[in-house]
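Structure below is entry_0.pdb: PDB, C-alpha atoms.
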MODEL        1
ATOM      1  CA  MET A   1      18.816 -10.679 -23.111
ATOM      2  CA  ALA A   2      19.492 -13.242 -20.374
ATOM      3  CA  ASP A   3      23.000 -13.399 -18.913
ATOM      4  CA  PRO A   4      24.452 -16.710 -20.191
ATOM      5  CA  GLN A   5      26.496 -17.036 -17.001
ATOM      6  CA  LEU A   6      23.368 -17.311 -14.842
ATOM      7  CA  SER A   7      21.474 -20.504 -14.138
ATOM      8  CA  ARG A   8      17.840 -20.537 -15.230
ATOM      9  CA  SER A   9      16.597 -19.952 -11.682
ATOM     10  CA  ALA A  10      19.089 -17.145 -11.043
ATOM     11  CA  GLY A  11      18.197 -15.515 -14.331
ATOM     12  CA  LEU A  12      14.510 -15.818 -13.512
ATOM     13  CA  LEU A  13      14.978 -14.181 -10.108
ATOM     14  CA  GLU A  14      17.091 -11.411 -11.615
ATOM     15  CA  ARG A  15      14.431 -10.600 -14.194
ATOM     16  CA  GLN A  16      11.620 -10.811 -11.642
ATOM     17  CA  GLN A  17      13.349  -9.098  -8.714
ATOM     18  CA  GLY A  18      11.039  -6.084  -8.863
ATOM     19  CA  VAL A  19       7.921  -8.257  -8.929
ATOM     20  CA  LEU A  20       9.212 -10.331  -5.996
ATOM     21  CA  ALA A  21      10.123  -7.246  -3.973
ATOM     22  CA  ALA A  22       6.666  -5.759  -4.531
ATOM     23  CA  ALA A  23       4.972  -9.005  -3.451
ATOM     24  CA  CYS A  24       7.026  -9.001  -0.249
ATOM     25  CA  ALA A  25       5.995  -5.412   0.562
ATOM     26  CA  ILE A  26       2.214  -5.866   0.601
ATOM     27  CA  PRO A  27       0.160  -4.745   3.631
ATOM     28  CA  PHE A  28      -0.309  -8.309   4.907
ATOM     29  CA  VAL A  29       3.444  -8.907   5.053
ATOM     30  CA  GLN A  30       4.079  -5.512   6.650
ATOM     31  CA  GLN A  31       1.446  -6.121   9.316
ATOM     32  CA  VAL A  32       2.735  -9.599  10.139
ATOM     33  CA  THR A  33       6.278  -8.255  10.318
ATOM     34  CA  ASP A  34       5.504  -5.381  12.684
ATOM     35  CA  GLY A  35       2.977  -7.333  14.760
ATOM     36  CA  THR A  36      -0.101  -5.279  13.845
ATOM     37  CA  LEU A  37      -2.107  -7.941  11.980
ATOM     38  CA  THR A  38      -5.563  -8.060  13.563
ATOM     39  CA  ASP A  39      -7.179 -11.223  14.892
ATOM     40  CA  ALA A  40      -9.870 -10.993  12.198
ATOM     41  CA  ALA A  41      -7.252 -10.716   9.450
ATOM     42  CA  LEU A  42      -5.368 -13.684  10.863
ATOM     43  CA  ALA A  43      -8.559 -15.753  10.906
ATOM     44  CA  ARG A  44      -9.256 -14.931   7.255
ATOM     45  CA  TYR A  45      -5.673 -15.717   6.321
ATOM     46  CA  LEU A  46      -5.710 -19.091   8.043
ATOM     47  CA  LEU A  47      -8.966 -19.974   6.290
ATOM     48  CA  VAL A  48      -7.708 -19.191   2.794
ATOM     49  CA  GLU A  49      -4.201 -20.534   3.340
ATOM     50  CA  GLU A  50      -5.571 -23.880   4.477
ATOM     51  CA  ALA A  51      -7.662 -24.008   1.314
ATOM     52  CA  PHE A  52      -4.596 -23.293  -0.811
ATOM     53  CA  VAL A  53      -2.627 -26.102   0.844
ATOM     54  CA  LEU A  54      -4.972 -28.487  -0.963
ATOM     55  CA  THR A  55      -4.118 -26.832  -4.290
ATOM     56  CA  ALA A  56      -0.396 -26.909  -3.550
ATOM     57  CA  SER A  57      -0.681 -30.603  -2.699
ATOM     58  CA  ARG A  58      -2.377 -31.313  -6.020
ATOM     59  CA  VAL A  59       0.300 -29.384  -7.895
ATOM     60  CA  LEU A  60       3.153 -31.199  -6.153
ATOM     61  CA  GLY A  61       1.366 -34.469  -6.865
ATOM     62  CA  ARG A  62       1.546 -33.574 -10.555
ATOM     63  CA  VAL A  63       5.254 -32.811 -10.205
ATOM     64  CA  VAL A  64       5.875 -36.145  -8.483
ATOM     65  CA  TRP A  65       3.874 -37.997 -11.160
ATOM     66  CA  GLU A  66       5.960 -36.464 -13.928
ATOM     67  CA  SER A  67       9.340 -36.919 -12.209
ATOM     68  CA  ALA A  68      11.398 -39.454 -14.129
ATOM     69  CA  THR A  69      14.201 -40.060 -11.611
ATOM     70  CA  TRP A  70      14.553 -40.453  -7.856
ATOM     71  CA  ASP A  71      16.624 -37.259  -7.708
ATOM     72  CA  GLU A  72      13.766 -35.326  -9.277
ATOM     73  CA  LEU A  73      11.005 -37.065  -7.352
ATOM     74  CA  LEU A  74      12.200 -37.310  -3.755
ATOM     75  CA  PRO A  75      12.464 -33.603  -2.797
ATOM     76  CA  HIS A  76       8.933 -32.943  -4.033
ATOM     77  CA  ALA A  77       7.579 -36.080  -2.396
ATOM     78  CA  ARG A  78       9.008 -34.822   0.902
ATOM     79  CA  SER A  79       7.390 -31.416   0.375
ATOM     80  CA  LEU A  80       4.077 -33.076  -0.449
ATOM     81  CA  THR A  81       4.321 -35.193   2.687
ATOM     82  CA  ASN A  82       4.871 -32.043   4.758
ATOM     83  CA  LEU A  83       1.796 -30.394   3.244
ATOM     84  CA  VAL A  84      -0.551 -33.307   3.880
ATOM     85  CA  THR A  85       0.725 -34.016   7.401
ATOM     86  CA  ASP A  86       2.382 -31.183   9.355
ATOM     87  CA  GLN A  87       0.734 -28.253   7.583
ATOM     88  CA  ARG A  88      -2.696 -29.867   7.384
ATOM     89  CA  GLU A  89      -2.531 -30.677  11.099
ATOM     90  CA  TYR A  90      -1.405 -27.120  11.876
ATOM     91  CA  PHE A  91      -4.520 -25.683  10.259
ATOM     92  CA  ALA A  92      -6.833 -28.318  11.711
ATOM     93  CA  GLY A  93      -5.659 -27.371  15.194
ATOM     94  CA  LEU A  94      -6.401 -23.684  14.628
ATOM     95  CA  ARG A  95      -9.942 -23.836  13.268
ATOM     96  CA  GLY A  96     -11.556 -23.472  16.652
ATOM     97  CA  ARG A  97      -9.157 -20.811  17.912
ATOM     98  CA  SER A  98      -9.318 -18.447  14.923
ATOM     99  CA  PRO A  99     -12.718 -18.829  13.253
ATOM    100  CA  VAL A 100     -14.102 -16.606  10.524
ATOM    101  CA  GLU A 101     -17.692 -15.437  10.946
ATOM    102  CA  PRO A 102     -19.853 -18.074   9.173
ATOM    103  CA  ALA A 103     -21.539 -15.450   6.993
ATOM    104  CA  GLU A 104     -18.134 -14.368   5.649
ATOM    105  CA  VAL A 105     -16.633 -17.763   4.844
ATOM    106  CA  ASP A 106     -17.972 -18.311   1.328
ATOM    107  CA  GLY A 107     -17.174 -14.794   0.176
ATOM    108  CA  VAL A 108     -13.648 -14.862   1.607
ATOM    109  CA  LEU A 109     -12.878 -18.215  -0.023
ATOM    110  CA  ALA A 110     -14.322 -17.083  -3.355
ATOM    111  CA  ARG A 111     -12.127 -13.975  -3.435
ATOM    112  CA  ALA A 112      -9.021 -15.905  -2.445
ATOM    113  CA  ALA A 113      -9.595 -18.572  -5.109
ATOM    114  CA  VAL A 114      -7.710 -16.366  -7.583
ATOM    115  CA  LEU A 115      -4.409 -17.950  -6.525
ATOM    116  CA  ALA A 116      -5.560 -21.535  -6.990
ATOM    117  CA  ASP A 117      -7.207 -20.610 -10.286
ATOM    118  CA  VAL A 118      -3.982 -19.120 -11.677
ATOM    119  CA  VAL A 119      -1.755 -21.956 -10.495
ATOM    120  CA  LEU A 120      -4.020 -24.738 -11.758
ATOM    121  CA  ALA A 121      -4.575 -23.030 -15.118
ATOM    122  CA  GLN A 122      -0.822 -22.722 -15.618
ATOM    123  CA  VAL A 123      -0.259 -26.372 -14.745
ATOM    124  CA  ALA A 124      -2.979 -27.385 -17.205
ATOM    125  CA  GLU A 125      -1.215 -25.329 -19.873
ATOM    126  CA  GLY A 126       2.454 -25.957 -19.150
ATOM    127  CA  GLY A 127       2.575 -29.232 -17.228
ATOM    128  CA  ARG A 128       5.430 -30.009 -14.897
ATOM    129  CA  ALA A 129       7.527 -26.976 -15.858
ATOM    130  CA  ALA A 130       4.678 -24.578 -15.071
ATOM    131  CA  ALA A 131       3.973 -26.406 -11.815
ATOM    132  CA  VAL A 132       7.585 -26.103 -10.688
ATOM    133  CA  VAL A 133       7.884 -22.432 -11.646
ATOM    134  CA  GLY A 134       4.566 -21.535 -10.028
ATOM    135  CA  MET A 135       5.506 -23.223  -6.769
ATOM    136  CA  TYR A 136       8.954 -21.630  -6.935
ATOM    137  CA  ALA A 137       7.313 -18.214  -7.184
ATOM    138  CA  ALA A 138       5.118 -18.827  -4.144
ATOM    139  CA  GLU A 139       7.891 -20.327  -2.059
ATOM    140  CA  THR A 140      10.588 -17.782  -2.894
ATOM    141  CA  MET A 141       8.140 -15.123  -1.775
ATOM    142  CA  TYR A 142       7.497 -16.895   1.522
ATOM    143  CA  ALA A 143      11.145 -17.703   2.123
ATOM    144  CA  ARG A 144      12.089 -14.057   1.648
ATOM    145  CA  TRP A 145       9.427 -12.326   3.707
ATOM    146  CA  CYS A 146       9.244 -14.890   6.497
ATOM    147  CA  THR A 147      13.027 -14.944   6.929
ATOM    148  CA  ALA A 148      12.973 -11.161   7.218
ATOM    149  CA  ALA A 149       9.961 -11.162   9.550
ATOM    150  CA  ALA A 150      11.425 -13.862  11.793
ATOM    151  CA  ALA A 151      14.398 -11.584  12.436
ATOM    152  CA  VAL A 152      12.136  -8.779  13.703
ATOM    153  CA  ASP A 153      11.240  -8.829  17.393
ATOM    154  CA  ALA A 154       7.529  -8.007  17.174
ATOM    155  CA  PRO A 155       4.541  -8.955  19.381
ATOM    156  CA  ARG A 156       2.904 -11.588  17.170
ATOM    157  CA  GLN A 157       0.090 -13.958  18.036
ATOM    158  CA  PRO A 158       1.800 -17.290  18.926
ATOM    159  CA  ASP A 159       0.147 -19.313  16.147
ATOM    160  CA  LEU A 160       1.197 -16.704  13.598
ATOM    161  CA  GLN A 161       4.726 -16.624  14.985
ATOM    162  CA  ALA A 162       4.927 -20.412  14.574
ATOM    163  CA  TRP A 163       3.830 -20.075  10.936
ATOM    164  CA  VAL A 164       6.451 -17.411  10.217
ATOM    165  CA  ARG A 165       9.197 -19.469  11.819
ATOM    166  CA  LEU A 166       8.131 -22.571   9.887
ATOM    167  CA  HIS A 167       8.913 -20.739   6.641
ATOM    168  CA  ALA A 168      12.292 -19.509   7.836
ATOM    169  CA  GLU A 169      13.630 -22.868   9.002
ATOM    170  CA  PRO A 170      16.125 -25.085   7.140
ATOM    171  CA  ALA A 171      13.510 -27.729   6.259
ATOM    172  CA  PHE A 172      11.377 -25.236   4.342
ATOM    173  CA  LEU A 173      14.335 -23.471   2.765
ATOM    174  CA  ALA A 174      15.543 -26.869   1.531
ATOM    175  CA  GLN A 175      12.196 -27.266  -0.251
ATOM    176  CA  VAL A 176      12.746 -23.922  -1.954
ATOM    177  CA  ASP A 177      16.223 -25.045  -2.989
ATOM    178  CA  ALA A 178      14.743 -28.224  -4.477
ATOM    179  CA  LEU A 179      12.367 -26.127  -6.583
ATOM    180  CA  ARG A 180      15.285 -23.924  -7.640
ATOM    181  CA  ASP A 181      17.232 -26.983  -8.770
ATOM    182  CA  ASP A 182      14.229 -28.189 -10.733
ATOM    183  CA  VAL A 183      13.865 -24.836 -12.469
ATOM    184  CA  ASP A 184      17.530 -25.154 -13.459
ATOM    185  CA  ARG A 185      16.739 -28.497 -15.106
ATOM    186  CA  ILE A 186      13.982 -27.107 -17.330
ATOM    187  CA  GLY A 187      15.130 -27.570 -20.913
ATOM    188  CA  PRO A 188      15.561 -24.963 -23.638
ATOM    189  CA  GLU A 189      12.291 -26.045 -25.238
ATOM    190  CA  VAL A 190      10.626 -23.908 -22.537
ATOM    191  CA  PRO A 191      11.624 -20.283 -23.221
ATOM    192  CA  ASP A 192      12.474 -17.729 -20.556
ATOM    193  CA  ALA A 193       9.345 -15.831 -21.554
ATOM    194  CA  ASP A 194       7.208 -18.692 -20.260
ATOM    195  CA  LEU A 195       9.131 -18.860 -16.991
ATOM    196  CA  ASP A 196       8.699 -15.105 -16.529
ATOM    197  CA  ARG A 197       4.996 -15.222 -17.363
ATOM    198  CA  TRP A 198       4.273 -18.092 -14.958
ATOM    199  CA  TYR A 199       6.353 -16.622 -12.132
ATOM    200  CA  ALA A 200       4.908 -13.106 -12.423
ATOM    201  CA  ALA A 201       1.318 -14.349 -12.713
ATOM    202  CA  VAL A 202       1.575 -16.376  -9.516
ATOM    203  CA  LEU A 203       3.036 -13.458  -7.578
ATOM    204  CA  ALA A 204       0.310 -11.144  -8.884
ATOM    205  CA  ALA A 205      -2.246 -13.678  -7.678
ATOM    206  CA  GLU A 206      -0.433 -13.903  -4.325
ATOM    207  CA  VAL A 207      -0.902 -10.147  -3.894
ATOM    208  CA  GLU A 208      -4.659 -10.475  -4.489
ATOM    209  CA  PHE A 209      -4.841 -13.565  -2.289
ATOM    210  CA  HIS A 210      -3.236 -11.887   0.717
ATOM    211  CA  ALA A 211      -5.323  -8.737   0.261
ATOM    212  CA  VAL A 212      -8.372 -10.847   1.146
ATOM    213  CA  ALA A 213      -6.982 -11.333   4.655
ATOM    214  CA  VAL A 214      -6.457  -7.671   5.460
ATOM    215  CA  GLY A 215      -9.732  -6.601   3.859
TER     216      GLY A 215
ENDMDL
END

In structure tokens, write the structure found in this file.
Amino acid sequence: MADPQLSRSAGLLERQQGVLAAACAIPFVQQVTDGTLTDAALARYLLVEEAFVLTASRVLGRVVWESATWDELLPHARSLTNLVTDQREYFAGLRGRSPVEPAEVDGVLARAAVLADVVLAQVAEGGRAAAVVGMYAAETMYARWCTAAAAVDAPRQPDLQAWVRLHAEPAFLAQVDALRDDVDRIGPEVPDADLDRWYAAVLAAEVEFHAVAVG
């Protein structure tokens, strides 16, 4: 039974704390944190992460479309703007520096598509609420592991270090807070069981997604 004193987002995180902890302890995260991620793994990660930015942009577009007030709309519009400008430009600048072997590209993208498939299927099923919860799952994971990794003095490739720092900075953490606030606004017509199912499914897909990078 959910603690009635907790907000919906806090209750969700309390129920899913084990799932979140496991997602933040995967080999990819450990290797980024200690500076042992190989150049080949980084190249695969950049390839699949750039592809997922398109999916995340589509999902946030759905959230913006279904936002009825400026307070609901503006934080997600800002996040969407960041995805289609700063993050898209980040990946575009790296394509030549960290390429994946051409023969591997299709197979790597096909394996990593599990994350986009899960997120888009949930949005098709649950609409705005599922979109918000799915993005909250992905971004709470990144906020947690990147904040921890940024505090570790490890010899990381400069482009990777920039990516880690990006997800530990106030601008990104504010986006996570905006998703948290939106989860808190989800009405009682959406049961906790749906929030748990959407959140856990996205993190399970994140585990598979990141496994593609490390092989």

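Those residues that approach Leu160 in chain A to within 9 Å, counting all atoms listed in the file, are Val32, Leu42 and Arg165 of chain A; same-chain residues fewer than 5 positions away are not listed.
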
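Picture a line from CA of Ala10 in chain A to CA of Gly187 in chain A; it runs 14.9 Å.
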
request  = Using the chain letters and numbers from the file, give me the residues hit by the PyMOL selection byres ((chain A and resi 55) around 12), as a PyMOL selection string.
outcome  = chain A and resi 48-54+56-62+80+83-84+113-121+123+131+134-135

Keeping C-alpha atoms for every residue in the selection just given, could you write it to a file as a PDB file, in the frame of the given file?
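Wrote selection.pdb, looks like this:
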ATOM      1  CA  VAL A  48      -7.708 -19.191   2.794  1.00  0.00           C
ATOM      2  CA  GLU A  49      -4.201 -20.534   3.340  1.00  0.00           C
ATOM      3  CA  GLU A  50      -5.571 -23.880   4.477  1.00  0.00           C
ATOM      4  CA  ALA A  51      -7.662 -24.008   1.314  1.00  0.00           C
ATOM      5  CA  PHE A  52      -4.596 -23.293  -0.811  1.00  0.00           C
ATOM      6  CA  VAL A  53      -2.627 -26.102   0.844  1.00  0.00           C
ATOM      7  CA  LEU A  54      -4.972 -28.487  -0.963  1.00  0.00           C
ATOM      8  CA  ALA A  56      -0.396 -26.909  -3.550  1.00  0.00           C
ATOM      9  CA  SER A  57      -0.681 -30.603  -2.699  1.00  0.00           C
ATOM     10  CA  ARG A  58      -2.377 -31.313  -6.020  1.00  0.00           C
ATOM     11  CA  VAL A  59       0.300 -29.384  -7.895  1.00  0.00           C
ATOM     12  CA  LEU A  60       3.153 -31.199  -6.153  1.00  0.00           C
ATOM     13  CA  GLY A  61       1.366 -34.469  -6.865  1.00  0.00           C
ATOM     14  CA  ARG A  62       1.546 -33.574 -10.555  1.00  0.00           C
ATOM     15  CA  LEU A  80       4.077 -33.076  -0.449  1.00  0.00           C
ATOM     16  CA  LEU A  83       1.796 -30.394   3.244  1.00  0.00           C
ATOM     17  CA  VAL A  84      -0.551 -33.307   3.880  1.00  0.00           C
ATOM     18  CA  ALA A 113      -9.595 -18.572  -5.109  1.00  0.00           C
ATOM     19  CA  VAL A 114      -7.710 -16.366  -7.583  1.00  0.00           C
ATOM     20  CA  LEU A 115      -4.409 -17.950  -6.525  1.00  0.00           C
ATOM     21  CA  ALA A 116      -5.560 -21.535  -6.990  1.00  0.00           C
ATOM     22  CA  ASP A 117      -7.207 -20.610 -10.286  1.00  0.00           C
ATOM     23  CA  VAL A 118      -3.982 -19.120 -11.677  1.00  0.00           C
ATOM     24  CA  VAL A 119      -1.755 -21.956 -10.495  1.00  0.00           C
ATOM     25  CA  LEU A 120      -4.020 -24.738 -11.758  1.00  0.00           C
ATOM     26  CA  ALA A 121      -4.575 -23.030 -15.118  1.00  0.00           C
ATOM     27  CA  VAL A 123      -0.259 -26.372 -14.745  1.00  0.00           C
ATOM     28  CA  ALA A 131       3.973 -26.406 -11.815  1.00  0.00           C
ATOM     29  CA  GLY A 134       4.566 -21.535 -10.028  1.00  0.00           C
ATOM     30  CA  MET A 135       5.506 -23.223  -6.769  1.00  0.00           C
TER      31      MET A 135
END

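Residues matched by the PyMOL selection byres ((chain A and resi 145) around 9) in this file: Cys24, Ala25, Val29, Thr33, Thr140, Met141, Tyr142, Ala143, Arg144, Cys146, Thr147, Ala148, Ala149, Ala150, Val164, His167 and Ala168 of chain A.
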
Write a file of the just-selected residues containing C-alpha atoms, as a PDB file, keeping the file's coordinate frame.
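Full text of result.pdb as output:
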ATOM      1  CA  CYS A  24       7.026  -9.001  -0.249  1.00  0.00           C
ATOM      2  CA  ALA A  25       5.995  -5.412   0.562  1.00  0.00           C
ATOM      3  CA  VAL A  29       3.444  -8.907   5.053  1.00  0.00           C
ATOM      4  CA  THR A  33       6.278  -8.255  10.318  1.00  0.00           C
ATOM      5  CA  THR A 140      10.588 -17.782  -2.894  1.00  0.00           C
ATOM      6  CA  MET A 141       8.140 -15.123  -1.775  1.00  0.00           C
ATOM      7  CA  TYR A 142       7.497 -16.895   1.522  1.00  0.00           C
ATOM      8  CA  ALA A 143      11.145 -17.703   2.123  1.00  0.00           C
ATOM      9  CA  ARG A 144      12.089 -14.057   1.648  1.00  0.00           C
ATOM     10  CA  CYS A 146       9.244 -14.890   6.497  1.00  0.00           C
ATOM     11  CA  THR A 147      13.027 -14.944   6.929  1.00  0.00           C
ATOM     12  CA  ALA A 148      12.973 -11.161   7.218  1.00  0.00           C
ATOM     13  CA  ALA A 149       9.961 -11.162   9.550  1.00  0.00           C
ATOM     14  CA  ALA A 150      11.425 -13.862  11.793  1.00  0.00           C
ATOM     15  CA  VAL A 164       6.451 -17.411  10.217  1.00  0.00           C
ATOM     16  CA  HIS A 167       8.913 -20.739   6.641  1.00  0.00           C
ATOM     17  CA  ALA A 168      12.292 -19.509   7.836  1.00  0.00           C
TER      18      ALA A 168
END

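Coordinates place CA of Leu46 in chain A at a distance of 8.2 Å from CA of Arg95 in chain A.
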
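Nearest to Glu72 in chain A of all the residues A:Asp194, A:Glu89, A:Glu208, A:Asp182 is A:Asp182, based on only C-alpha atoms.
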
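Closest approach to Ala213 in chain A among A:Ser9, A:Thr38, A:Gln16, A:Gln30 is made by A:Thr38 (distances from all atoms listed in the file).
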
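Residue nearest Ala154 in chain A, chosen from A:Pro170, A:Gln31, A:Ala21, A:Glu14 and counting all atoms listed in the file: A:Gln31.
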
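The list of residues with at least one atom within 12 Å of Val190 in chain A, based on all atoms listed in the file and without residues fewer than 5 positions apart in the same chain, reads Arg8, Gly126, Gly127, Arg128, Ala129, Ala130, Val133, Val183, Asp184, Arg185, Leu195, Asp196, Arg197 and Trp198 of chain A.
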
Using C-alpha atoms, can you export the residues from the last selection as a PDB file, in the frame of the given file?
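Output file out-v3.pdb is given in full below:
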ATOM      1  CA  ARG A   8      17.840 -20.537 -15.230  1.00  0.00           C
ATOM      2  CA  GLY A 126       2.454 -25.957 -19.150  1.00  0.00           C
ATOM      3  CA  GLY A 127       2.575 -29.232 -17.228  1.00  0.00           C
ATOM      4  CA  ARG A 128       5.430 -30.009 -14.897  1.00  0.00           C
ATOM      5  CA  ALA A 129       7.527 -26.976 -15.858  1.00  0.00           C
ATOM      6  CA  ALA A 130       4.678 -24.578 -15.071  1.00  0.00           C
ATOM      7  CA  VAL A 133       7.884 -22.432 -11.646  1.00  0.00           C
ATOM      8  CA  VAL A 183      13.865 -24.836 -12.469  1.00  0.00           C
ATOM      9  CA  ASP A 184      17.530 -25.154 -13.459  1.00  0.00           C
ATOM     10  CA  ARG A 185      16.739 -28.497 -15.106  1.00  0.00           C
ATOM     11  CA  LEU A 195       9.131 -18.860 -16.991  1.00  0.00           C
ATOM     12  CA  ASP A 196       8.699 -15.105 -16.529  1.00  0.00           C
ATOM     13  CA  ARG A 197       4.996 -15.222 -17.363  1.00  0.00           C
ATOM     14  CA  TRP A 198       4.273 -18.092 -14.958  1.00  0.00           C
TER      15      TRP A 198
END

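Proximity of A:Val176, A:Ala112, A:Ile186, A:Val202 to Leu47 in chain A, computed with only C-alpha atoms, is greatest for A:Ala112.
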
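For the residues A:Val214, A:Leu73, A:Asp181, A:Arg97, ranking by smallest atom-to-atom distance to Pro158 in chain A using all atoms listed in the file places A:Arg97 first.
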
key: CA of Ala23 in chain A to CA of Ala137 in chain A, straight-line distance in Å   = 10.2 Å

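Across A:Phe209, A:Phe172, A:Trp70, A:Tyr45, the tightest approach to Arg111 in chain A is made by A:Phe209 when counting only C-alpha atoms.
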